[in-house]
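Here is structure11.txt, consisting of compact mmCIF, C-alpha atoms:
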```txt
# COMPACT_ATOMS: atom_id res chain seq x y z
CA MET A 1 -148.57 6.20 82.91
CA ALA A 2 -147.60 5.40 86.50
CA GLU A 3 -147.63 1.77 87.59
CA ARG A 4 -150.66 0.79 89.65
CA ARG A 5 -149.98 -1.25 92.76
CA SER A 6 -151.80 -4.54 93.08
CA PRO A 7 -153.99 -5.43 96.10
CA VAL A 8 -151.40 -8.09 97.00
CA ASP A 9 -148.67 -5.42 97.05
CA GLU A 10 -150.77 -3.15 99.27
CA ALA A 11 -151.70 -5.96 101.68
CA ALA A 12 -148.07 -7.09 101.94
CA GLU A 13 -147.00 -3.57 102.89
CA LYS A 14 -149.49 -3.52 105.78
CA PHE A 15 -147.90 -6.70 107.14
CA GLY A 16 -144.36 -5.42 106.63
CA LEU A 17 -143.61 -8.00 103.94
CA PRO A 18 -141.13 -7.06 101.20
CA VAL A 19 -142.46 -7.03 97.62
CA LEU A 20 -140.09 -7.51 94.70
CA HIS A 21 -140.86 -6.52 91.10
CA PRO A 22 -138.35 -8.32 88.87
CA GLY A 23 -138.65 -7.68 85.15
CA ASN A 24 -138.22 -11.41 84.61
CA LEU A 25 -136.98 -14.45 86.52
CA LYS A 26 -134.29 -15.49 84.08
CA GLY A 27 -130.62 -15.58 85.03
CA GLU A 28 -128.66 -16.64 88.07
CA ALA A 29 -129.23 -13.39 89.97
CA ALA A 30 -133.01 -13.86 89.93
CA ALA A 31 -132.66 -17.54 90.85
CA ALA A 32 -130.32 -16.72 93.74
CA THR A 33 -132.73 -14.11 95.13
CA PHE A 34 -135.56 -16.61 94.87
CA ARG A 35 -133.56 -19.34 96.65
CA GLU A 36 -132.72 -16.96 99.50
CA HIS A 37 -136.36 -17.09 100.59
CA GLU A 38 -135.90 -20.79 101.42
CA ALA A 39 -139.58 -21.26 100.67
CA ASP A 40 -141.37 -24.54 101.24
CA VAL A 41 -143.66 -23.81 98.29
CA ALA A 42 -144.40 -21.00 95.84
CA VAL A 43 -147.89 -19.97 94.71
CA VAL A 44 -148.13 -18.54 91.20
CA VAL A 45 -151.25 -16.77 89.91
CA ALA A 46 -151.64 -14.97 86.55
CA TYR A 47 -147.89 -14.62 86.01
CA GLY A 48 -148.16 -14.97 82.24
CA LEU A 49 -144.65 -16.32 81.54
CA LEU A 50 -143.02 -19.72 81.76
CA LEU A 51 -140.90 -20.09 84.88
CA PRO A 52 -137.26 -21.18 84.40
CA LYS A 53 -136.31 -24.58 85.82
CA ALA A 54 -134.11 -22.95 88.46
CA ILE A 55 -137.16 -21.15 89.86
CA LEU A 56 -139.42 -24.21 89.63
CA ASP A 57 -136.89 -26.31 91.55
CA ALA A 58 -136.06 -23.78 94.26
CA PRO A 59 -138.95 -24.33 96.73
CA LYS A 60 -138.96 -27.64 98.61
CA HIS A 61 -142.40 -28.57 97.25
CA GLY A 62 -142.11 -26.73 93.95
CA CYS A 63 -144.49 -24.12 92.53
CA LEU A 64 -148.28 -24.38 92.66
CA ASN A 65 -150.34 -22.58 90.05
CA LEU A 66 -154.01 -21.60 90.02
CA HIS A 67 -155.24 -22.04 86.45
CA ALA A 68 -158.69 -20.87 85.34
CA SER A 69 -159.85 -23.79 83.20
CA LEU A 70 -160.57 -27.49 83.36
CA LEU A 71 -157.21 -28.71 82.17
CA PRO A 72 -156.11 -29.95 79.71
CA ARG A 73 -158.73 -27.79 78.00
CA TRP A 74 -157.59 -24.19 77.53
CA ARG A 75 -153.95 -24.23 78.47
CA GLY A 76 -152.41 -20.82 77.94
CA ALA A 77 -152.98 -17.10 78.28
CA ALA A 78 -156.74 -16.49 77.99
CA PRO A 79 -158.66 -19.52 79.28
CA ILE A 80 -161.64 -17.59 80.65
CA SER A 81 -162.37 -15.67 77.47
CA ARG A 82 -161.68 -18.65 75.22
CA SER A 83 -164.08 -20.89 77.12
CA ILE A 84 -166.94 -18.44 76.60
CA LEU A 85 -165.96 -17.66 73.01
CA ALA A 86 -166.14 -21.40 72.30
CA GLY A 87 -169.59 -21.72 73.87
CA ASP A 88 -168.41 -24.06 76.66
CA ALA A 89 -171.07 -25.11 79.16
CA GLU A 90 -168.65 -25.10 82.10
CA SER A 91 -165.28 -23.89 83.28
CA GLY A 92 -163.34 -24.23 86.50
CA ILE A 93 -160.28 -23.46 88.56
CA MET A 94 -157.46 -25.94 89.23
CA VAL A 95 -154.42 -26.21 91.49
CA MET A 96 -151.56 -27.50 89.37
CA GLN A 97 -147.95 -28.45 90.06
CA MET A 98 -145.94 -26.35 87.62
CA ASP A 99 -143.38 -27.87 85.28
CA GLU A 100 -141.43 -26.49 82.32
CA GLY A 101 -144.35 -26.87 79.90
CA LEU A 102 -147.23 -24.51 79.23
CA ASP A 103 -149.82 -25.50 81.87
CA THR A 104 -148.89 -29.16 81.47
CA GLY A 105 -148.22 -30.11 85.09
CA PRO A 106 -150.21 -32.58 87.20
CA VAL A 107 -153.37 -31.37 88.93
CA ALA A 108 -154.36 -31.77 92.59
CA LEU A 109 -157.63 -29.92 93.25
CA ALA A 110 -160.41 -28.49 91.08
CA GLU A 111 -163.70 -26.59 91.33
CA ARG A 112 -166.18 -26.62 88.44
CA VAL A 113 -168.42 -23.71 87.45
CA THR A 114 -171.42 -23.68 85.10
CA ILE A 115 -171.21 -20.95 82.48
CA GLY A 116 -174.63 -19.29 82.38
CA PRO A 117 -176.16 -18.41 79.01
CA ASP A 118 -175.41 -14.67 79.39
CA MET A 119 -172.36 -14.87 81.67
CA THR A 120 -169.51 -12.54 80.69
CA ALA A 121 -165.80 -13.19 80.98
CA GLY A 122 -165.63 -10.62 83.78
CA GLU A 123 -168.32 -12.39 85.78
CA LEU A 124 -166.69 -15.78 85.27
CA HIS A 125 -163.33 -14.32 86.29
CA ASP A 126 -164.74 -12.94 89.54
CA LYS A 127 -166.47 -16.21 90.39
CA LEU A 128 -163.33 -18.26 89.72
CA ALA A 129 -161.18 -15.80 91.68
CA LYS A 130 -163.25 -16.35 94.84
CA LEU A 131 -163.24 -20.11 94.40
CA GLY A 132 -159.53 -20.08 93.63
CA ALA A 133 -158.65 -18.21 96.83
CA ASP A 134 -160.33 -20.89 98.92
CA LEU A 135 -158.91 -23.68 96.77
CA ILE A 136 -155.28 -22.63 97.15
CA VAL A 137 -155.72 -22.33 100.93
CA SER A 138 -157.12 -25.89 100.95
CA ALA A 139 -154.19 -27.04 98.82
CA LEU A 140 -151.61 -25.53 101.15
CA ALA A 141 -153.32 -27.05 104.19
CA ALA A 142 -153.32 -30.47 102.51
CA LEU A 143 -149.67 -30.03 101.54
CA GLU A 144 -148.77 -29.29 105.17
CA ARG A 145 -150.48 -32.53 106.21
CA GLY A 146 -148.73 -34.47 103.47
CA ALA A 147 -152.10 -35.18 101.87
CA LEU A 148 -151.88 -33.20 98.61
CA GLU A 149 -151.98 -35.70 95.74
CA PHE A 150 -151.38 -34.88 92.09
CA LYS A 151 -152.66 -36.67 89.00
CA PRO A 152 -151.31 -36.26 85.45
CA GLN A 153 -153.51 -34.38 83.02
CA ALA A 154 -155.40 -36.40 80.43
CA ALA A 155 -153.63 -36.85 77.12
CA GLN A 156 -156.88 -36.23 75.23
CA GLY A 157 -158.85 -32.98 74.98
CA VAL A 158 -155.89 -30.60 74.93
CA THR A 159 -156.71 -27.10 73.63
CA TYR A 160 -154.80 -23.83 73.80
CA ALA A 161 -156.18 -20.45 74.88
CA LYS A 162 -154.11 -18.04 72.85
CA LYS A 163 -153.95 -14.40 73.81
CA ILE A 164 -156.84 -12.21 72.59
CA GLU A 165 -155.70 -10.10 69.64
CA LYS A 166 -157.16 -6.72 68.63
CA GLY A 167 -157.97 -8.08 65.19
CA GLU A 168 -160.58 -10.48 66.59
CA THR A 169 -162.58 -7.96 68.62
CA ARG A 170 -164.81 -6.53 65.87
CA ILE A 171 -168.29 -8.10 65.80
CA ASP A 172 -169.07 -10.15 62.71
CA TRP A 173 -172.85 -10.04 62.27
CA SER A 174 -172.63 -12.62 59.47
CA LYS A 175 -172.16 -15.36 62.07
CA PRO A 176 -175.07 -17.16 63.83
CA TRP A 177 -176.55 -15.28 66.78
CA LYS A 178 -175.05 -17.64 69.39
CA GLU A 179 -171.53 -17.13 68.07
CA VAL A 180 -172.03 -13.36 68.05
CA HIS A 181 -173.44 -13.45 71.59
CA ASP A 182 -170.57 -15.63 72.87
CA HIS A 183 -168.10 -13.29 71.17
CA ILE A 184 -169.57 -10.32 73.02
CA SER A 185 -169.71 -12.16 76.36
CA GLY A 186 -166.23 -13.64 76.02
CA LEU A 187 -164.60 -10.25 75.45
CA SER A 188 -166.53 -8.33 78.14
CA PRO A 189 -165.45 -6.15 79.82
CA PHE A 190 -161.98 -6.23 78.25
CA PRO A 191 -160.92 -5.78 75.52
CA GLY A 192 -164.56 -5.60 74.40
CA ALA A 193 -166.31 -6.61 71.18
CA TRP A 194 -167.36 -3.61 69.08
CA PHE A 195 -169.23 -2.38 66.03
CA GLN A 196 -169.23 0.81 64.01
CA ILE A 197 -172.24 3.10 63.54
CA GLY A 198 -171.45 6.08 61.39
CA ASP A 199 -168.10 7.40 62.61
CA ALA A 200 -168.60 6.09 66.14
CA ARG A 201 -167.11 2.91 67.52
CA VAL A 202 -169.33 1.27 70.13
CA LYS A 203 -168.21 -1.49 72.48
CA VAL A 204 -170.83 -4.06 73.52
CA LEU A 205 -170.54 -5.27 77.11
CA ARG A 206 -173.66 -7.39 77.40
CA SER A 207 -176.15 -9.06 75.07
CA THR A 208 -178.81 -11.75 75.03
CA HIS A 209 -180.84 -13.75 72.53
CA GLY A 210 -183.06 -11.49 70.44
CA GLU A 211 -186.23 -12.05 68.45
CA GLY A 212 -186.53 -11.67 64.71
CA SER A 213 -184.39 -12.07 61.62
CA GLY A 214 -183.06 -10.03 58.75
CA ALA A 215 -179.95 -9.08 56.83
CA PRO A 216 -176.88 -9.49 59.11
CA GLY A 217 -176.05 -6.28 60.97
CA THR A 218 -179.52 -4.75 60.51
CA VAL A 219 -181.23 -3.21 63.55
CA LEU A 220 -184.65 -4.88 63.83
CA ASP A 221 -186.46 -2.71 66.40
CA GLY A 222 -186.17 0.18 68.83
CA ARG A 223 -184.40 -1.95 71.48
CA LEU A 224 -181.08 -2.52 69.66
CA THR A 225 -181.93 -6.02 68.48
CA VAL A 226 -179.54 -6.83 65.63
CA ALA A 227 -179.95 -9.51 62.98
CA CYS A 228 -177.23 -12.10 62.54
CA LYS A 229 -176.75 -14.78 59.89
CA ALA A 230 -179.18 -16.96 61.83
CA GLY A 231 -181.34 -15.34 64.51
CA ALA A 232 -180.58 -12.12 66.34
CA VAL A 233 -178.95 -10.69 69.44
CA ARG A 234 -180.31 -7.90 71.63
CA LEU A 235 -177.66 -5.52 72.91
CA LEU A 236 -178.16 -4.76 76.59
CA GLU A 237 -175.13 -2.71 77.64
CA VAL A 238 -172.84 -0.64 75.43
CA GLN A 239 -170.04 1.90 75.70
CA ARG A 240 -168.99 4.62 73.28
CA ALA A 241 -165.26 5.29 73.00
CA GLY A 242 -164.27 7.61 75.85
CA ALA A 243 -167.66 7.39 77.56
CA LYS A 244 -169.03 5.39 80.46
CA ALA A 245 -170.85 2.09 80.05
CA MET A 246 -174.62 2.46 79.74
CA SER A 247 -177.74 0.44 79.10
CA ALA A 248 -179.08 0.17 75.58
CA GLU A 249 -182.02 2.37 76.63
CA GLU A 250 -179.67 5.14 77.81
CA PHE A 251 -177.62 4.86 74.64
CA LEU A 252 -180.69 5.14 72.42
CA ARG A 253 -181.87 8.28 74.23
CA GLY A 254 -178.67 10.03 73.16
CA THR A 255 -178.16 8.24 69.85
CA PRO A 256 -181.46 7.30 68.21
CA VAL A 257 -181.04 4.20 66.05
CA LYS A 258 -184.01 3.38 63.87
CA ALA A 259 -185.06 -0.08 62.73
CA GLY A 260 -183.38 -0.77 59.40
CA THR A 261 -180.10 0.91 60.36
CA LYS A 262 -177.07 -1.13 59.30
CA LEU A 263 -174.31 -1.63 61.85
CA ASN A 264 -170.81 -2.28 60.57
```
Can you give me the file's structure in the form of structure tokens?
Amino acid sequence: MAERRSPVDEAAEKFGLPVLHPGNLKGEAAAATFREHEADVAVVVAYGLLLPKAILDAPKHGCLNLHASLLPRWRGAAPISRSILAGDAESGIMVMQMDEGLDTGPVALAERVTIGPDMTAGELHDKLAKLGADLIVSALAALERGALEFKPQAAQGVTYAKKIEKGETRIDWSKPWKEVHDHISGLSPFPGAWFQIGDARVKVLRSTHGEGSGAPGTVLDGRLTVACKAGAVRLLEVQRAGAKAMSAEEFLRGTPVKAGTKLN
């Protein structure tokens, strides 16, 4: 599969700015190339790896990172998904001074966001992305004025947002409805929580609180309301493997699912 260029790459080309694609930033050659920019500051977003000390120390004012959580909660790879999976009431975006630890540096600016009851990880991502763009511009302006102040993260409340693994994507109907709902929302749209019906695997992209109760995994009505250990969830948007996303109503027109059907 061919590599897909990022919007940043495409925008840089329009302005005649060179774009480098190093496999990693380890080693003296990478550090030397980085130092040649003689940058006042570096902005790091969604890099996914720890930066070597030589890179962190190269810019005059170090490296600033946009991190999508309210640090020190959810340090690590998947803060947006983990916050929803955990049922958090709010999230946020922070400008942090990077150090050699995993999201352990001091924080300068933050924006908080309420996580709505049916908000998906994709929706939270998009909201934080817009806020983050404005926040990093504000941070750079404050840095230029000498007014960007950093505070150490709290020692209490540290949690880690480990990467989402394939083994945790299958829906477990034996959990309470809220946990099932948060699982669906936290993994939507990618990688997606899923269930099995017959030989078909179906990804669930959106759900809400449903009415009724029954044996976990049992369809309760003609609207794809599914019983959980306590309560029920109603599936609103689903996607068969290899097909487009569709509403539950569209899905049921092509795949009738009667009340009493057991989902696995």
How would you write as a list in words the residues that get within 8 Å of (-183.2, -9.5, 62.1) in the file's frame, counting all atoms listed in the file?
-> Glu211, Gly212, Ser213, Gly214, Ala215, Pro216, Gly217, Thr218, Val219, Leu220, Thr225, Val226, Ala227, Cys228, Gly231 and Ala232 of chain A
Give the padded box for segment 97-108 of chain A as lines of an AutoDock Vina configuration file: axis-aligned, covering all atoms listed in the file, 4 Å on each side, centre and edge lengths in Å to one decimal.
```
center_x = -147.9
center_y = -28.5
center_z = 85.9
size_x = 20.9
size_y = 16.1
size_z = 21.4
```
Suppose you want the space between atom CA of Leu252 of chain A and atom CA of Leu187 of chain A; what is it in Å?
->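 Between atom CA of Leu252 of chain A and atom CA of Leu187 of chain A the gap works out to 22.5 Å.
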Counting only C-alpha atoms, figure out which residue out of A:Lys53, A:Lys151, A:Lys163, A:His37 gets nearest to Trp74 of chain A.
-> A:Lys163
For Pro152 of chain A, list every protein, DNA or RNA residue within 12 Å, evaluated using all atoms listed in the file, and leave out those in the same chain fewer than 5 positions away; present the list as a PyMOL selection string.
-> chain A and resi 71-72+96-99+103-109
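Picture a line from atom CA of Ala78 of chain A to atom CA of His125 of chain A; it runs 10.8 Å.
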Long-range neighbours of Glu250 of chain A as a compact mmCIF listing (two decimals) with C-alpha atoms, in the coordinates of the input, 12 Å cut-off, only C-alpha atoms, 6 positions minimum in chain:
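And here's around.txt as it stands now:
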```txt
# COMPACT_ATOMS: atom_id res chain seq x y z
CA ARG A 223 -184.40 -1.95 71.48
CA LEU A 224 -181.08 -2.52 69.66
CA LEU A 235 -177.66 -5.52 72.91
CA LEU A 236 -178.16 -4.76 76.59
CA GLU A 237 -175.13 -2.71 77.64
CA VAL A 238 -172.84 -0.64 75.43
CA GLN A 239 -170.04 1.90 75.70
CA ARG A 240 -168.99 4.62 73.28
CA LYS A 244 -169.03 5.39 80.46
CA PRO A 256 -181.46 7.30 68.21
CA VAL A 257 -181.04 4.20 66.05
```
A:Pro22, A:Gly222, A:Gly242, A:Gly27 ranked by distance to Arg201 of chain A, top pick (using all atoms listed in the file) | A:Gly242
Distance atom CA of Ala121 of chain A-atom CA of Pro189 of chain A, one decimal place?
->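 We find that atom CA of Ala121 of chain A and atom CA of Pro189 of chain A lie 7.1 Å from each other.
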So, counting all atoms listed in the file, which residue among A:Leu131, A:Leu17, A:Ala39, A:Ala161 is closest to Ile84 of chain A?
->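 Closest to Ile84 of chain A, using all atoms listed in the file: A:Ala161.
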Long-range neighbours of Leu128 of chain A as a VMD selection string, 10 Å cut-off, all atoms listed in the file, 3 positions minimum in chain | chain A and resid 66 to 69 80 91 to 94 111 to 113 122 to 125 131 to 133 135
Could those residues be written to a file, using C-alpha atoms, as an mmCIF file, keeping the file's coordinate frame?
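Result file is selection37.cif:
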```
data_model
loop_
_atom_site.group_PDB
_atom_site.id
_atom_site.type_symbol
_atom_site.label_atom_id
_atom_site.label_comp_id
_atom_site.auth_asym_id
_atom_site.auth_seq_id
_atom_site.Cartn_x
_atom_site.Cartn_y
_atom_site.Cartn_z
ATOM 1 C CA LEU A 66 -154.010 -21.600 90.020
ATOM 2 C CA HIS A 67 -155.240 -22.040 86.450
ATOM 3 C CA ALA A 68 -158.690 -20.870 85.340
ATOM 4 C CA SER A 69 -159.850 -23.790 83.200
ATOM 5 C CA ILE A 80 -161.640 -17.590 80.650
ATOM 6 C CA SER A 91 -165.280 -23.890 83.280
ATOM 7 C CA GLY A 92 -163.340 -24.230 86.500
ATOM 8 C CA ILE A 93 -160.280 -23.460 88.560
ATOM 9 C CA MET A 94 -157.460 -25.940 89.230
ATOM 10 C CA GLU A 111 -163.700 -26.590 91.330
ATOM 11 C CA ARG A 112 -166.180 -26.620 88.440
ATOM 12 C CA VAL A 113 -168.420 -23.710 87.450
ATOM 13 C CA GLY A 122 -165.630 -10.620 83.780
ATOM 14 C CA GLU A 123 -168.320 -12.390 85.780
ATOM 15 C CA LEU A 124 -166.690 -15.780 85.270
ATOM 16 C CA HIS A 125 -163.330 -14.320 86.290
ATOM 17 C CA LEU A 131 -163.240 -20.110 94.400
ATOM 18 C CA GLY A 132 -159.530 -20.080 93.630
ATOM 19 C CA ALA A 133 -158.650 -18.210 96.830
ATOM 20 C CA LEU A 135 -158.910 -23.680 96.770
#
```
Ala230 of chain A: which residues within 8 Å, counting only C-alpha atoms, same-chain residues fewer than 4 positions away excluded, as an MDAnalysis selection string?
-> chainID A and resid 175:177 213
Looking at A:Arg145, A:Lys262, A:Arg234, A:Arg82, which one is nearest to Thr159 of chain A, with distances taken over all atoms listed in the file?
-> A:Arg82
Residue with smallest distance to Pro79 of chain A - pool A:Gly48, A:Ala245, A:Arg253, A:Ala154, counting only C-alpha atoms = A:Gly48
Across A:Leu205, A:Leu50, A:Leu20, A:Leu140, the smallest distance to Ala77 of chain A, with only C-alpha atoms counted, is shown by A:Leu50
